[in-house]
file work-v3.cif (mmCIF, C-alpha atoms and all ligand atoms)
data_query
#
loop_
_atom_site.label_atom_id
_atom_site.label_comp_id
_atom_site.auth_asym_id
_atom_site.auth_seq_id
_atom_site.Cartn_x
_atom_site.Cartn_y
_atom_site.Cartn_z
CA MET A 80 78.25 61.79 102.58
CA PRO A 81 75.36 63.85 101.08
CA ALA A 82 74.97 67.48 102.22
CA ALA A 83 72.30 68.13 104.88
CA ARG A 84 68.83 68.07 103.28
CA HIS A 85 67.00 68.54 106.56
CA ASP A 86 66.98 71.08 109.36
CA LEU A 87 65.73 68.48 111.85
CA ILE A 88 65.55 64.69 111.76
CA ILE A 89 63.21 63.13 114.31
CA LEU A 90 64.08 59.53 115.09
CA GLY A 91 60.93 57.64 116.06
CA GLY A 92 57.35 58.36 115.07
CA GLY A 93 55.70 57.45 118.37
CA LEU A 94 53.61 59.85 120.43
CA ALA A 95 56.50 62.20 121.22
CA GLY A 96 58.00 62.13 117.72
CA GLY A 97 54.62 62.63 116.04
CA LEU A 98 53.68 65.58 118.27
CA ALA A 99 57.15 67.10 117.88
CA ALA A 100 56.82 66.95 114.08
CA LEU A 101 53.34 68.55 114.18
CA ALA A 102 54.40 71.31 116.57
CA VAL A 103 57.61 72.26 114.75
CA LYS A 104 55.92 72.17 111.35
CA ALA A 105 53.14 74.46 112.63
CA ALA A 106 55.47 76.95 114.37
CA ARG A 107 58.31 76.98 111.82
CA PRO A 108 56.75 75.97 108.47
CA GLY A 109 59.90 76.93 106.54
CA LEU A 110 62.01 74.20 108.17
CA GLU A 111 62.69 70.89 106.44
CA ILE A 112 61.79 68.13 108.89
CA ALA A 113 62.13 64.38 108.39
CA LEU A 114 60.52 61.76 110.59
CA VAL A 115 62.11 58.31 110.72
CA GLU A 116 59.65 55.57 111.65
CA PRO A 117 59.85 51.98 110.42
CA GLY A 118 56.28 51.12 111.51
CA ALA A 119 52.93 52.90 111.76
CA ILE A 120 53.18 56.40 113.21
CA GLY A 121 52.00 56.14 116.80
CA GLY A 122 51.97 52.33 116.73
CA ASN A 123 48.84 50.75 118.21
CA HIS A 124 47.70 52.91 121.12
CA LEU A 125 44.85 54.69 122.78
CA TRP A 126 46.32 57.67 124.65
CA SER A 127 44.09 59.21 127.28
CA PHE A 128 44.54 62.32 129.37
CA PHE A 129 42.66 64.74 131.57
CA GLU A 130 41.84 68.12 130.05
CA SER A 131 43.67 69.69 133.00
CA ASP A 132 46.89 67.82 132.04
CA VAL A 133 47.41 70.12 129.05
CA ALA A 134 47.77 73.91 129.31
CA ALA A 135 45.04 75.82 127.45
CA ALA A 136 47.70 77.42 125.23
CA ASP A 137 48.98 73.96 124.14
CA MET A 138 45.59 72.35 123.58
CA ALA A 139 45.51 73.29 119.87
CA LEU A 140 48.23 70.70 119.24
CA VAL A 141 46.19 67.75 120.53
CA GLU A 142 42.58 68.88 120.19
CA PRO A 143 42.33 67.95 116.46
CA LEU A 144 43.52 64.41 117.35
CA VAL A 145 40.99 63.76 120.10
CA GLY A 146 38.48 61.10 119.08
CA HIS A 147 36.55 60.73 122.32
CA ARG A 148 35.79 63.08 125.20
CA TRP A 149 33.78 62.87 128.40
CA ALA A 150 32.71 65.57 130.86
CA GLY A 151 33.81 63.55 133.92
CA HIS A 152 35.21 60.26 135.15
CA ALA A 153 34.84 57.91 138.11
CA VAL A 154 36.81 55.70 140.50
CA ARG A 155 35.69 52.68 142.50
CA PHE A 156 37.34 51.33 145.63
CA PRO A 157 36.13 48.71 148.12
CA ALA A 158 35.20 51.51 150.59
CA TYR A 159 33.47 53.94 148.22
CA ARG A 160 32.70 55.09 144.67
CA ARG A 161 33.39 58.64 143.50
CA SER A 162 32.43 60.64 140.40
CA LEU A 163 34.85 63.41 139.49
CA GLY A 164 34.28 66.39 137.21
CA GLY A 165 37.62 66.33 135.38
CA SER A 166 37.04 66.10 131.63
CA TYR A 167 38.75 63.09 130.01
CA ARG A 168 39.92 62.67 126.41
CA THR A 169 41.27 59.88 124.25
CA ILE A 170 43.38 59.93 121.10
CA GLU A 171 43.63 56.89 118.82
CA SER A 172 47.08 56.39 117.30
CA GLU A 173 45.51 56.27 113.82
CA ALA A 174 44.56 59.96 114.26
CA LEU A 175 48.21 60.87 114.96
CA ASP A 176 49.29 58.88 111.89
CA ARG A 177 46.79 60.74 109.67
CA ALA A 178 47.75 64.18 111.07
CA VAL A 179 51.50 63.67 110.62
CA ARG A 180 51.06 62.34 107.08
CA ALA A 181 48.94 65.39 106.25
CA ALA A 182 51.53 67.79 107.74
CA LEU A 183 54.74 66.37 106.24
CA PRO A 184 55.44 65.66 102.56
CA SER A 185 55.48 61.88 102.01
CA ASP A 186 59.18 61.86 101.08
CA ARG A 187 59.96 63.33 104.54
CA ILE A 188 58.53 60.31 106.34
CA LEU A 189 61.29 57.76 106.14
CA ALA A 190 60.23 54.15 106.76
CA ARG A 191 63.71 53.22 107.86
CA ARG A 192 65.48 52.04 110.99
CA ALA A 193 68.18 54.24 112.50
CA THR A 194 71.15 52.49 114.10
CA ALA A 195 73.19 55.46 115.33
CA ALA A 196 73.01 59.21 115.73
CA SER A 197 75.22 62.18 116.50
CA PRO A 198 73.94 65.72 117.20
CA VAL A 199 74.00 66.41 113.44
CA SER A 200 73.82 63.04 111.68
CA VAL A 201 71.84 59.81 111.51
CA THR A 202 73.07 56.42 110.34
CA PHE A 203 70.61 53.86 109.02
CA ASP A 204 70.72 50.05 109.07
CA ASP A 205 71.80 49.95 105.41
CA GLY A 206 74.92 51.92 106.38
CA GLU A 207 73.85 55.26 104.89
CA THR A 208 74.63 58.34 107.01
CA MET A 209 72.56 61.51 106.56
CA LEU A 210 73.68 64.94 107.74
CA THR A 211 71.15 67.30 109.28
CA GLY A 212 70.94 70.57 111.21
CA ALA A 213 69.70 68.82 114.35
CA VAL A 214 68.62 65.38 115.58
CA LEU A 215 65.90 64.48 118.07
CA ASP A 216 65.99 60.90 119.33
CA VAL A 217 62.52 59.79 120.45
CA ARG A 218 62.92 56.06 119.88
CA GLY A 219 61.19 55.08 123.13
CA LEU A 220 62.73 53.76 126.33
CA ALA A 221 65.38 51.05 126.21
CA GLU A 222 64.24 47.77 127.82
CA ALA A 223 66.42 48.11 130.94
CA PRO A 224 67.40 51.80 130.99
CA ALA A 225 70.52 52.52 133.04
CA GLY A 226 70.10 54.74 136.07
CA LEU A 227 66.36 54.15 136.66
CA TRP A 228 65.04 52.33 139.74
CA CYS A 229 61.66 51.03 138.65
CA GLY A 230 58.64 48.99 139.53
CA TRP A 231 56.15 48.27 136.77
CA GLN A 232 52.70 49.17 135.59
CA LYS A 233 51.59 46.38 133.28
CA PHE A 234 48.33 45.84 131.53
CA VAL A 235 46.32 44.30 128.72
CA GLY A 236 43.46 46.31 127.23
CA GLN A 237 40.74 45.03 124.92
CA MET A 238 38.04 46.77 122.94
CA LEU A 239 34.86 44.83 123.63
CA THR A 240 31.67 44.91 121.61
CA VAL A 241 28.66 44.69 123.91
CA PRO A 242 25.62 44.65 121.55
CA ALA A 243 23.07 45.05 124.37
CA GLY A 244 24.95 48.12 125.67
CA HIS A 245 27.30 48.47 128.66
CA ARG A 246 25.41 51.40 130.28
CA LEU A 247 28.59 53.27 131.33
CA ASP A 248 28.41 56.97 130.50
CA CYS A 249 31.89 58.03 131.61
CA PRO A 250 35.32 56.40 132.02
CA ILE A 251 36.11 54.47 135.18
CA VAL A 252 39.81 55.27 135.50
CA MET A 253 40.26 52.85 138.43
CA ASP A 254 37.96 50.09 139.56
CA ALA A 255 39.94 48.54 142.39
CA CYS A 256 37.03 46.34 143.53
CA VAL A 257 38.77 43.31 142.04
CA ASP A 258 41.06 40.61 143.46
CA GLN A 259 44.31 42.25 144.48
CA THR A 260 46.77 39.85 142.87
CA ASP A 261 50.32 40.76 141.77
CA GLY A 262 50.38 44.19 143.41
CA TYR A 263 47.87 47.02 143.11
CA ARG A 264 45.33 45.81 140.59
CA PHE A 265 42.51 47.79 138.99
CA VAL A 266 40.34 47.68 135.89
CA TYR A 267 40.08 50.71 133.62
CA CYS A 268 36.99 51.18 131.41
CA LEU A 269 36.55 53.63 128.52
CA PRO A 270 33.04 53.71 127.02
CA LEU A 271 33.84 54.67 123.41
CA SER A 272 30.26 54.25 122.18
CA PRO A 273 27.09 52.81 123.75
CA THR A 274 28.21 49.34 122.61
CA ASP A 275 32.03 49.67 122.43
CA LEU A 276 33.97 49.52 125.65
CA PHE A 277 37.72 49.49 126.14
CA VAL A 278 38.58 47.46 129.26
CA GLU A 279 42.11 47.27 130.65
CA ASP A 280 43.32 44.98 133.46
CA THR A 281 46.21 46.81 135.17
CA TYR A 282 48.78 45.95 137.84
CA TYR A 283 51.30 48.00 139.78
CA SER A 284 53.78 45.21 140.20
CA ASP A 285 57.32 44.43 141.32
CA SER A 286 57.99 42.40 138.19
CA PRO A 287 57.72 43.25 134.47
CA GLU A 288 56.51 39.75 133.47
CA LEU A 289 53.14 39.93 131.75
CA ASP A 290 50.96 36.86 131.24
CA ALA A 291 48.70 38.27 128.51
CA THR A 292 46.51 35.15 128.28
CA GLN A 293 45.72 35.29 131.97
CA LEU A 294 44.86 39.00 131.79
CA GLU A 295 42.60 38.36 128.78
CA ARG A 296 40.76 35.77 130.90
CA ARG A 297 40.42 38.26 133.75
CA ILE A 298 38.97 40.88 131.39
CA ALA A 299 36.41 38.28 130.27
CA SER A 300 35.53 37.47 133.92
CA TYR A 301 35.23 41.16 134.78
CA ALA A 302 32.91 41.74 131.81
CA GLN A 303 30.79 38.78 132.83
CA ALA A 304 30.59 40.00 136.44
CA GLN A 305 29.35 43.40 135.18
CA GLY A 306 26.65 41.65 133.13
CA TRP A 307 28.17 42.63 129.75
CA ALA A 308 27.53 40.01 127.04
CA VAL A 309 30.57 40.46 124.77
CA SER A 310 30.19 39.50 121.10
CA ALA A 311 33.67 40.46 119.85
CA VAL A 312 37.11 41.79 120.79
CA THR A 313 38.07 44.28 118.09
CA ARG A 314 41.34 45.71 119.37
CA GLN A 315 44.00 44.74 121.89
CA GLU A 316 47.00 46.52 123.35
CA SER A 317 49.38 45.75 126.15
CA GLY A 318 52.10 47.58 128.00
CA VAL A 319 54.78 47.19 130.63
CA LEU A 320 55.63 50.72 131.74
CA PRO A 321 58.22 51.83 134.30
CA VAL A 322 57.00 53.20 137.62
CA LEU A 323 59.89 55.34 138.72
CA MET A 324 60.94 54.99 142.36
CA GLY A 325 64.36 56.63 142.12
CA GLY A 326 67.60 56.59 140.21
CA ASP A 327 70.39 58.79 138.99
CA PHE A 328 69.76 61.20 136.14
CA ASP A 329 73.46 61.49 135.21
CA THR A 330 73.64 57.71 134.68
CA PHE A 331 70.37 57.68 132.75
CA TRP A 332 71.55 60.49 130.47
CA PRO A 333 75.31 61.11 130.82
CA ALA A 334 76.32 64.75 130.36
CA ASN A 335 78.68 63.81 127.51
CA ASP A 336 75.81 62.28 125.48
CA ARG A 337 75.00 65.26 123.24
CA VAL A 338 72.28 63.67 121.12
CA ALA A 339 68.96 65.34 121.95
CA ARG A 340 66.30 63.05 123.37
CA GLY A 341 62.59 63.51 123.86
CA GLY A 342 59.59 61.45 124.94
CA VAL A 343 60.01 58.54 127.34
CA ARG A 344 63.59 58.14 126.07
CA ALA A 345 64.36 61.40 127.89
CA GLY A 346 62.47 60.28 131.02
CA LEU A 347 59.61 62.64 130.14
CA PHE A 348 56.78 60.74 131.78
CA HIS A 349 54.92 60.85 135.08
CA PRO A 350 56.94 58.79 137.59
CA LEU A 351 53.89 57.15 139.17
CA THR A 352 51.37 56.81 136.34
CA SER A 353 53.96 56.31 133.54
CA PHE A 354 51.74 58.45 131.31
CA SER A 355 53.68 60.65 128.93
CA LEU A 356 51.12 62.55 126.88
CA PRO A 357 51.15 65.74 129.00
CA ASP A 358 54.95 65.85 128.87
CA ALA A 359 55.04 65.02 125.16
CA VAL A 360 52.78 68.04 124.51
CA ARG A 361 54.85 70.37 126.72
CA PHE A 362 58.11 69.17 125.14
CA ALA A 363 56.79 69.54 121.57
CA THR A 364 55.72 73.11 122.34
CA TRP A 365 59.11 73.92 123.86
CA LEU A 366 60.91 72.35 120.89
CA ALA A 367 58.86 74.32 118.38
CA LYS A 368 59.02 77.68 120.12
CA ASP A 369 62.11 77.89 122.34
CA ALA A 370 64.67 75.20 121.49
CA PRO A 371 67.79 75.82 119.40
CA LEU A 372 67.30 73.56 116.36
CA ASP A 373 70.98 73.01 115.68
CA GLU A 374 73.88 71.14 117.24
CA ARG A 375 73.08 72.77 120.62
CA LEU A 376 69.76 70.93 120.85
CA GLY A 377 71.25 67.99 122.79
CA VAL A 378 72.46 70.15 125.67
CA ALA A 379 69.20 72.13 125.76
CA ALA A 380 67.06 68.96 125.71
CA ARG A 381 69.14 67.40 128.48
CA ASP A 382 68.66 70.53 130.64
CA TYR A 383 64.93 70.32 129.96
CA ALA A 384 64.82 66.63 130.94
CA GLN A 385 66.90 67.26 134.06
CA GLN A 386 64.44 69.90 135.25
CA HIS A 387 61.62 67.41 134.72
CA TRP A 388 63.59 64.82 136.70
CA ARG A 389 64.01 67.25 139.61
CA ARG A 390 60.31 68.13 139.61
CA GLY A 391 59.47 64.39 139.76
CA ARG A 392 61.17 63.83 143.12
CA PHE A 393 57.95 63.85 145.13
CA ASP A 394 56.14 61.58 142.65
CA ARG A 395 59.03 59.08 142.86
CA LEU A 396 58.61 59.13 146.62
CA LEU A 397 54.89 58.32 146.20
CA ALA A 398 55.82 55.51 143.81
CA ARG A 399 58.04 54.06 146.56
CA MET A 400 55.17 54.38 149.02
CA LEU A 401 52.89 52.48 146.66
CA LEU A 402 55.31 49.71 145.79
CA ARG A 403 57.42 49.40 148.96
CA ALA A 404 55.35 50.47 151.96
CA ALA A 405 52.56 47.90 151.77
CA ASP A 406 52.16 44.20 151.17
CA ARG A 407 50.76 43.57 147.71
CA PRO A 408 47.12 42.95 148.71
CA GLN A 409 47.11 46.20 150.73
CA ARG A 410 48.58 48.56 148.13
CA PHE A 411 45.15 49.68 146.95
CA ARG A 412 44.68 51.48 150.30
CA ILE A 413 47.17 54.16 149.23
CA LEU A 414 45.08 55.09 146.15
CA GLU A 415 41.84 54.64 148.08
CA ARG A 416 43.05 57.30 150.49
CA PHE A 417 44.49 59.54 147.75
CA TYR A 418 41.18 59.67 145.86
CA ARG A 419 39.41 61.08 148.94
CA LEU A 420 41.45 64.31 148.49
CA PRO A 421 40.02 67.45 146.80
CA GLU A 422 39.57 67.24 143.04
CA PRO A 423 41.85 70.19 142.10
CA LEU A 424 44.72 68.55 144.03
CA ILE A 425 44.14 65.24 142.21
CA ALA A 426 44.10 67.07 138.86
CA ARG A 427 47.39 68.85 139.63
CA PHE A 428 48.96 65.55 140.65
CA TYR A 429 48.12 63.89 137.31
CA ALA A 430 49.34 66.93 135.41
CA GLY A 431 52.69 66.66 137.26
CA ARG A 432 52.05 70.06 138.80
CA SER A 433 51.54 69.32 142.54
CA THR A 434 52.18 72.36 144.71
CA PHE A 435 54.10 72.32 148.00
CA ALA A 436 50.77 72.54 149.85
CA ASP A 437 49.43 69.58 147.81
CA ARG A 438 52.43 67.51 148.85
CA LEU A 439 51.92 68.30 152.52
CA ARG A 440 48.24 67.43 152.17
CA ILE A 441 48.99 64.11 150.44
CA LEU A 442 51.40 63.09 153.19
CA ALA A 443 49.42 64.54 156.11
CA GLY A 444 47.76 62.26 158.61
CA ARG A 445 48.26 58.64 159.35
CA PRO A 446 49.16 56.58 156.26
CA PRO A 447 46.79 53.70 155.43
CA VAL A 448 49.75 51.32 155.76
CA SER A 449 52.36 50.61 158.46
CA LEU A 450 53.88 53.91 159.57
CA ALA A 451 57.33 52.35 159.96
CA ARG A 452 57.26 50.90 156.43
CA ALA A 453 55.93 54.15 154.96
CA PHE A 454 58.79 56.05 156.58
CA ALA A 455 61.35 53.46 155.42
CA ALA A 456 60.00 53.67 151.85
CA MET A 457 60.22 57.46 151.88
CA MET A 458 63.84 57.32 152.99
CA GLU A 459 64.87 54.47 150.66
CA LYS A 460 67.43 55.24 147.95
CA LYS A 461 69.00 53.30 145.11
C1 LIG B 501 49.64 50.21 125.38
C2 LIG B 501 50.03 51.54 125.98
C3 LIG B 501 49.04 52.45 126.33
C4 LIG B 501 49.40 53.70 126.90
N1 LIG B 501 48.41 54.55 127.22
C5 LIG B 501 48.74 55.79 127.64
C6 LIG B 501 47.74 56.78 127.86
O1 LIG B 501 46.54 56.48 127.78
N2 LIG B 501 48.12 58.03 128.22
C7 LIG B 501 49.43 58.39 128.35
O2 LIG B 501 49.75 59.55 128.61
N3 LIG B 501 50.39 57.45 128.19
C8 LIG B 501 50.09 56.18 127.84
N4 LIG B 501 51.08 55.26 127.65
C9 LIG B 501 52.44 55.59 128.02
C10 LIG B 501 53.20 56.46 127.00
O3 LIG B 501 52.50 57.66 126.77
C11 LIG B 501 53.38 55.75 125.68
O4 LIG B 501 54.25 54.69 125.90
C12 LIG B 501 53.90 56.65 124.56
O5 LIG B 501 53.60 56.02 123.37
C13 LIG B 501 55.39 56.96 124.64
O6 LIG B 501 55.71 57.80 123.56
P1 LIG B 501 57.16 57.94 122.91
O7 LIG B 501 56.97 58.59 121.61
O8 LIG B 501 58.07 58.55 123.90
O9 LIG B 501 57.68 56.43 122.69
P2 LIG B 501 57.06 55.32 121.74
O10 LIG B 501 55.60 55.50 121.60
O11 LIG B 501 57.58 54.03 122.27
O12 LIG B 501 57.66 55.62 120.32
C14 LIG B 501 58.95 55.25 119.92
C15 LIG B 501 58.94 55.10 118.41
O13 LIG B 501 60.27 54.93 117.95
C16 LIG B 501 60.26 53.99 116.91
N5 LIG B 501 61.58 53.38 116.81
C17 LIG B 501 62.14 52.49 117.67
N6 LIG B 501 63.37 52.15 117.26
C18 LIG B 501 63.60 52.84 116.11
C19 LIG B 501 64.70 52.93 115.23
N7 LIG B 501 65.82 52.20 115.44
N8 LIG B 501 64.62 53.76 114.17
C20 LIG B 501 63.50 54.51 113.97
N9 LIG B 501 62.42 54.46 114.78
C21 LIG B 501 62.47 53.64 115.84
C22 LIG B 501 59.19 52.98 117.31
O14 LIG B 501 58.70 52.25 116.20
C23 LIG B 501 58.14 53.88 117.94
O15 LIG B 501 57.15 54.29 117.04
C24 LIG B 501 50.76 54.00 127.11
C25 LIG B 501 51.72 53.07 126.78
C26 LIG B 501 51.37 51.86 126.22
C27 LIG B 501 52.46 50.85 125.88
#
call {"tool": "encode", "arguments": {"input": "work-v3.cif", "output": "structure tokens"}}
result
Amino acid sequence: MPAARHDLIILGGGLAGGLAALAVKAARPGLEIALVEPGAIGGNHLWSFFESDVAAADMALVEPLVGHRWAGHAVRFPAYRRSLGGSYRTIESEALDRAVRAALPSDRILARRATAASPVSVTFDDGETMLTGAVLDVRGLAEAPAGLWCGWQKFVGQMLTVPAGHRLDCPIVMDACVDQTDGYRFVYCLPLSPTDLFVEDTYYSDSPELDATQLERRIASYAQAQGWAVSAVTRQESGVLPVLMGGDFDTFWPANDRVARGGVRAGLFHPLTSFSLPDAVRFATWLAKDAPLDERLGVAARDYAQQHWRRGRFDRLLARMLLRAADRPQRFRILERFYRLPEPLIARFYAGRSTFADRLRILAGRPPVSLARAFAAMMEKK
């Protein structure tokens, strides 16, 4: 077995792995880091976030990657439309790929597939085992992760070319004025240029099955209904993301599993929105500045993830309310009510930073669904 050439090997060059590599390289330039990623770094993604999701002190990590930004955003529900002031930003995965390749020497980006890891070694699919000072496993979430009780947020997004212009000047993060099939359905629109528009058809659903062809047809119908004459589809992405209703952290990440995890593999995502960018930034900053980059990293990363799990308790309760307290066609009423709340509260919710007072405010008053079912959903456990 060759002697350790690296101080840290990061397994997986997705969002979390890419940001971890950038943050550690910037904070501890003397360390030898390797990133193992068999495909393109970042894959094929547009990652969006609210400015308020990321602490001002951490913004330097993501700001150079941001390709699009807007001063505000909007929501549409059957009962009302609302414009909100929260600034919105989008990163294209190609920007993460370029930044990581500029930060790490090319021989430290290993286009290989890892098959096993210990706290201080990685084994590849050709049988080679490499020793290292520390390992971070950010290979994404397993398909059916043990210990998680989930519903699903599933979607297809397409980049549409609208030569005559779409006339949207800010993102619509939820347009729920569409047929409510297969759970809570909304369309998400990102105007990336006057003629380029990213449109995503999204469902909060009980099942992970995704009929991409049907969703593509619904995007086309939505565009037609808005009066957008589409000349081309230049990009497509799809996702089936877990909406976390409950579970058991010790089953998800047993205490005797000492390999450090990060990203969605460590459960570092928002339980209700499934978005992970804010947590990926916070984790990368912690890793670079505070984590022990040696064989103790696994225990420290598990403690970090467990704290995140505890903080997510209220958001898991809201996920149960959304998916369990209302019949599918009525689920939109929960978000319709939520978006009437004050903007700073909404911003803290998305950032995963709701205060105790926010929680009381969110739950106060009569729910827009059956009281008995709302109470049963709040109490439900699995
Ligand atoms: C289409 C889509 C759009 C999304 N949009 C947003 C958004 O706008 N905002 C937001 O906050 N979140 C978004 N999310 C949710 C979440 O942020 C992403 O899923 C995010 O990419 C998760 O990052 P990650 O690095 O933890 O995992 P992943 O991005 O899944 O990265 C895992 C990486 O590990 C690599 N890998 C897997 N197996 C191996 C192996 N054996 N050896 C080596 N490498 C391996 C994979 O190739 C991959 O690159 C989106 C998700 C999807 C699917």
call {"tool": "closest_atom_pairs", "arguments": {"input": "work-v3.cif", "of": "chain A", "to": "ligand LIG 501 (chain B)", "cutoff": "7 Å", "atoms": "all atoms listed in the file", "output": "Markdown table"}}
result
| residue | atom | partner | partner_atom | distance |
| --- | --- | --- | --- | --- |
| A:Leu90 | CA | B:LIG501 | C20 | 5.2 |
| A:Gly91 | CA | B:LIG501 | O13 | 3.4 |
| A:Gly92 | CA | B:LIG501 | O15 | 4.5 |
| A:Gly93 | CA | B:LIG501 | O12 | 3.3 |
| A:Leu94 | CA | B:LIG501 | O7 | 3.8 |
| A:Ala95 | CA | B:LIG501 | O7 | 3.7 |
| A:Gly96 | CA | B:LIG501 | O7 | 5.4 |
| A:Val115 | CA | B:LIG501 | C20 | 5.2 |
| A:Glu116 | CA | B:LIG501 | N9 | 4.3 |
| A:Pro117 | CA | B:LIG501 | N9 | 5.6 |
| A:Gly118 | CA | B:LIG501 | O14 | 5.4 |
| A:Ala119 | CA | B:LIG501 | O15 | 6.9 |
| A:Ile120 | CA | B:LIG501 | O15 | 5.9 |
| A:Gly121 | CA | B:LIG501 | O15 | 5.5 |
| A:Gly122 | CA | B:LIG501 | O15 | 5.5 |
| A:His124 | CA | B:LIG501 | C3 | 5.4 |
| A:Leu125 | CA | B:LIG501 | O1 | 5.6 |
| A:Trp126 | CA | B:LIG501 | O1 | 3.4 |
| A:Ser127 | CA | B:LIG501 | O1 | 3.7 |
| A:Phe128 | CA | B:LIG501 | N2 | 5.7 |
| A:Arg191 | CA | B:LIG501 | C20 | 6.2 |
| A:Arg192 | CA | B:LIG501 | N8 | 3.7 |
| A:Ala193 | CA | B:LIG501 | N8 | 4.0 |
| A:Thr194 | CA | B:LIG501 | N7 | 5.5 |
| A:Val217 | CA | B:LIG501 | O8 | 5.8 |
| A:Arg218 | CA | B:LIG501 | O13 | 3.5 |
| A:Gly219 | CA | B:LIG501 | O9 | 3.8 |
| A:Leu220 | CA | B:LIG501 | O11 | 6.6 |
| A:Glu316 | CA | B:LIG501 | C1 | 5.0 |
| A:Ser317 | CA | B:LIG501 | C1 | 4.5 |
| A:Gly318 | CA | B:LIG501 | C27 | 3.9 |
| A:Val319 | CA | B:LIG501 | C27 | 6.4 |
| A:Leu320 | CA | B:LIG501 | C27 | 6.7 |
| A:Gly341 | CA | B:LIG501 | O8 | 6.7 |
| A:Gly342 | CA | B:LIG501 | O8 | 3.4 |
| A:Val343 | CA | B:LIG501 | O8 | 3.9 |
| A:Arg344 | CA | B:LIG501 | O8 | 5.9 |
| A:Ser353 | CA | B:LIG501 | C9 | 5.8 |
| A:Phe354 | CA | B:LIG501 | O2 | 3.5 |
| A:Ser355 | CA | B:LIG501 | O3 | 3.9 |
| A:Leu356 | CA | B:LIG501 | O2 | 3.7 |
| A:Pro357 | CA | B:LIG501 | O2 | 6.4 |
call {"tool": "closest_atom_pairs", "arguments": {"input": "work-v3.cif", "of": "range 256-324 of chain A", "to": "range 221-238 of chain A", "cutoff": "8 Å", "atoms": "all atoms listed in the file", "output": "tab-separated table"}}
result
residue	atom	partner	partner_atom	distance
A:Asp275	CA	A:Met238	CA	6.7
A:Leu276	CA	A:Met238	CA	5.6
A:Phe277	CA	A:Met238	CA	4.2
A:Val278	CA	A:Gly236	CA	5.4
A:Glu279	CA	A:Gly236	CA	3.8
A:Asp280	CA	A:Phe234	CA	5.4
A:Thr281	CA	A:Phe234	CA	4.3
A:Tyr282	CA	A:Lys233	CA	5.4
A:Tyr283	CA	A:Gln232	CA	4.6
A:Ser284	CA	A:Trp231	CA	5.2
A:Asp285	CA	A:Gly230	CA	5.1
A:Ser286	CA	A:Trp231	CA	6.3
A:Pro287	CA	A:Trp231	CA	5.7
A:Leu289	CA	A:Lys233	CA	6.8
A:Ala291	CA	A:Val235	CA	6.5
A:Leu294	CA	A:Val235	CA	6.3
A:Glu295	CA	A:Val235	CA	7.0
A:Ile298	CA	A:Gln237	CA	7.9
A:Val312	CA	A:Met238	CA	5.5
A:Thr313	CA	A:Met238	CA	5.5
A:Arg314	CA	A:Met238	CA	5.0
A:Gln315	CA	A:Gln237	CA	4.5
A:Glu316	CA	A:Gly236	CA	5.3
A:Ser317	CA	A:Val235	CA	4.3
A:Gly318	CA	A:Lys233	CA	5.4
A:Val319	CA	A:Lys233	CA	4.2
A:Leu320	CA	A:Gln232	CA	5.1
A:Pro321	CA	A:Trp231	CA	4.8
A:Val322	CA	A:Gly230	CA	4.9
A:Leu323	CA	A:Cys229	CA	4.7
A:Met324	CA	A:Cys229	CA	5.5
call {"tool": "closest_residue", "arguments": {"input": "work-v3.cif", "among": "A:Ala339, A:Ala302, A:Leu269, A:Ala308", "to": "Gly151 in chain A", "atoms": "all atoms listed in the file"}}
result
A:Leu269
call {"tool": "closest_residue", "arguments": {"input": "work-v3.cif", "among": "A:Leu110, A:Leu163, A:Ala451, A:Ala311", "to": "Phe129 in chain A", "atoms": "all atoms listed in the file"}}
result
A:Leu163
call {"tool": "atom_distance", "arguments": {"input": "work-v3.cif", "atom1": "CA of Pro408 in chain A", "atom2": "CA of Ala158 in chain A"}}
result
14.8 Å
call {"tool": "closest_residue", "arguments": {"input": "work-v3.cif", "among": "A:Pro350, A:Pro250, A:Pro143, A:Gly244", "to": "Ala398 in chain A", "atoms": "all atoms listed in the file"}}
result
A:Pro350
call {"tool": "closest_atom_pairs", "arguments": {"input": "work-v3.cif", "of": "range 310-407 of chain A", "to": "range 134-137 of chain A", "cutoff": "10 Å", "atoms": "only C-alpha atoms", "output": "CSV"}}
result
residue,atom,partner,partner_atom,distance
A:Pro357,CA,A:Ala134,CA,8.8
A:Val360,CA,A:Asp137,CA,7.0
A:Arg361,CA,A:Asp137,CA,7.3
A:Ala363,CA,A:Asp137,CA,9.3
A:Thr364,CA,A:Asp137,CA,7.0
call {"tool": "residues_around", "arguments": {"input": "work-v3.cif", "residues": "Ala334 in chain A", "least_positions_apart": "4", "cutoff": "12 Å", "atoms": "all atoms listed in the file", "output": "PDB file with C-alpha atoms, keeping the file's coordinate frame"}}
result
ATOM      1  CA  PHE A 328      69.760  61.200 136.140  1.00  0.00           C
ATOM      2  CA  ASP A 329      73.460  61.490 135.210  1.00  0.00           C
ATOM      3  CA  THR A 330      73.640  57.710 134.680  1.00  0.00           C
ATOM      4  CA  VAL A 338      72.280  63.670 121.120  1.00  0.00           C
ATOM      5  CA  ALA A 339      68.960  65.340 121.950  1.00  0.00           C
ATOM      6  CA  GLY A 377      71.250  67.990 122.790  1.00  0.00           C
ATOM      7  CA  VAL A 378      72.460  70.150 125.670  1.00  0.00           C
ATOM      8  CA  ALA A 379      69.200  72.130 125.760  1.00  0.00           C
ATOM      9  CA  ALA A 380      67.060  68.960 125.710  1.00  0.00           C
ATOM     10  CA  ARG A 381      69.140  67.400 128.480  1.00  0.00           C
ATOM     11  CA  ASP A 382      68.660  70.530 130.640  1.00  0.00           C
ATOM     12  CA  ALA A 384      64.820  66.630 130.940  1.00  0.00           C
ATOM     13  CA  GLN A 385      66.900  67.260 134.060  1.00  0.00           C
TER      14      GLN A 385
END
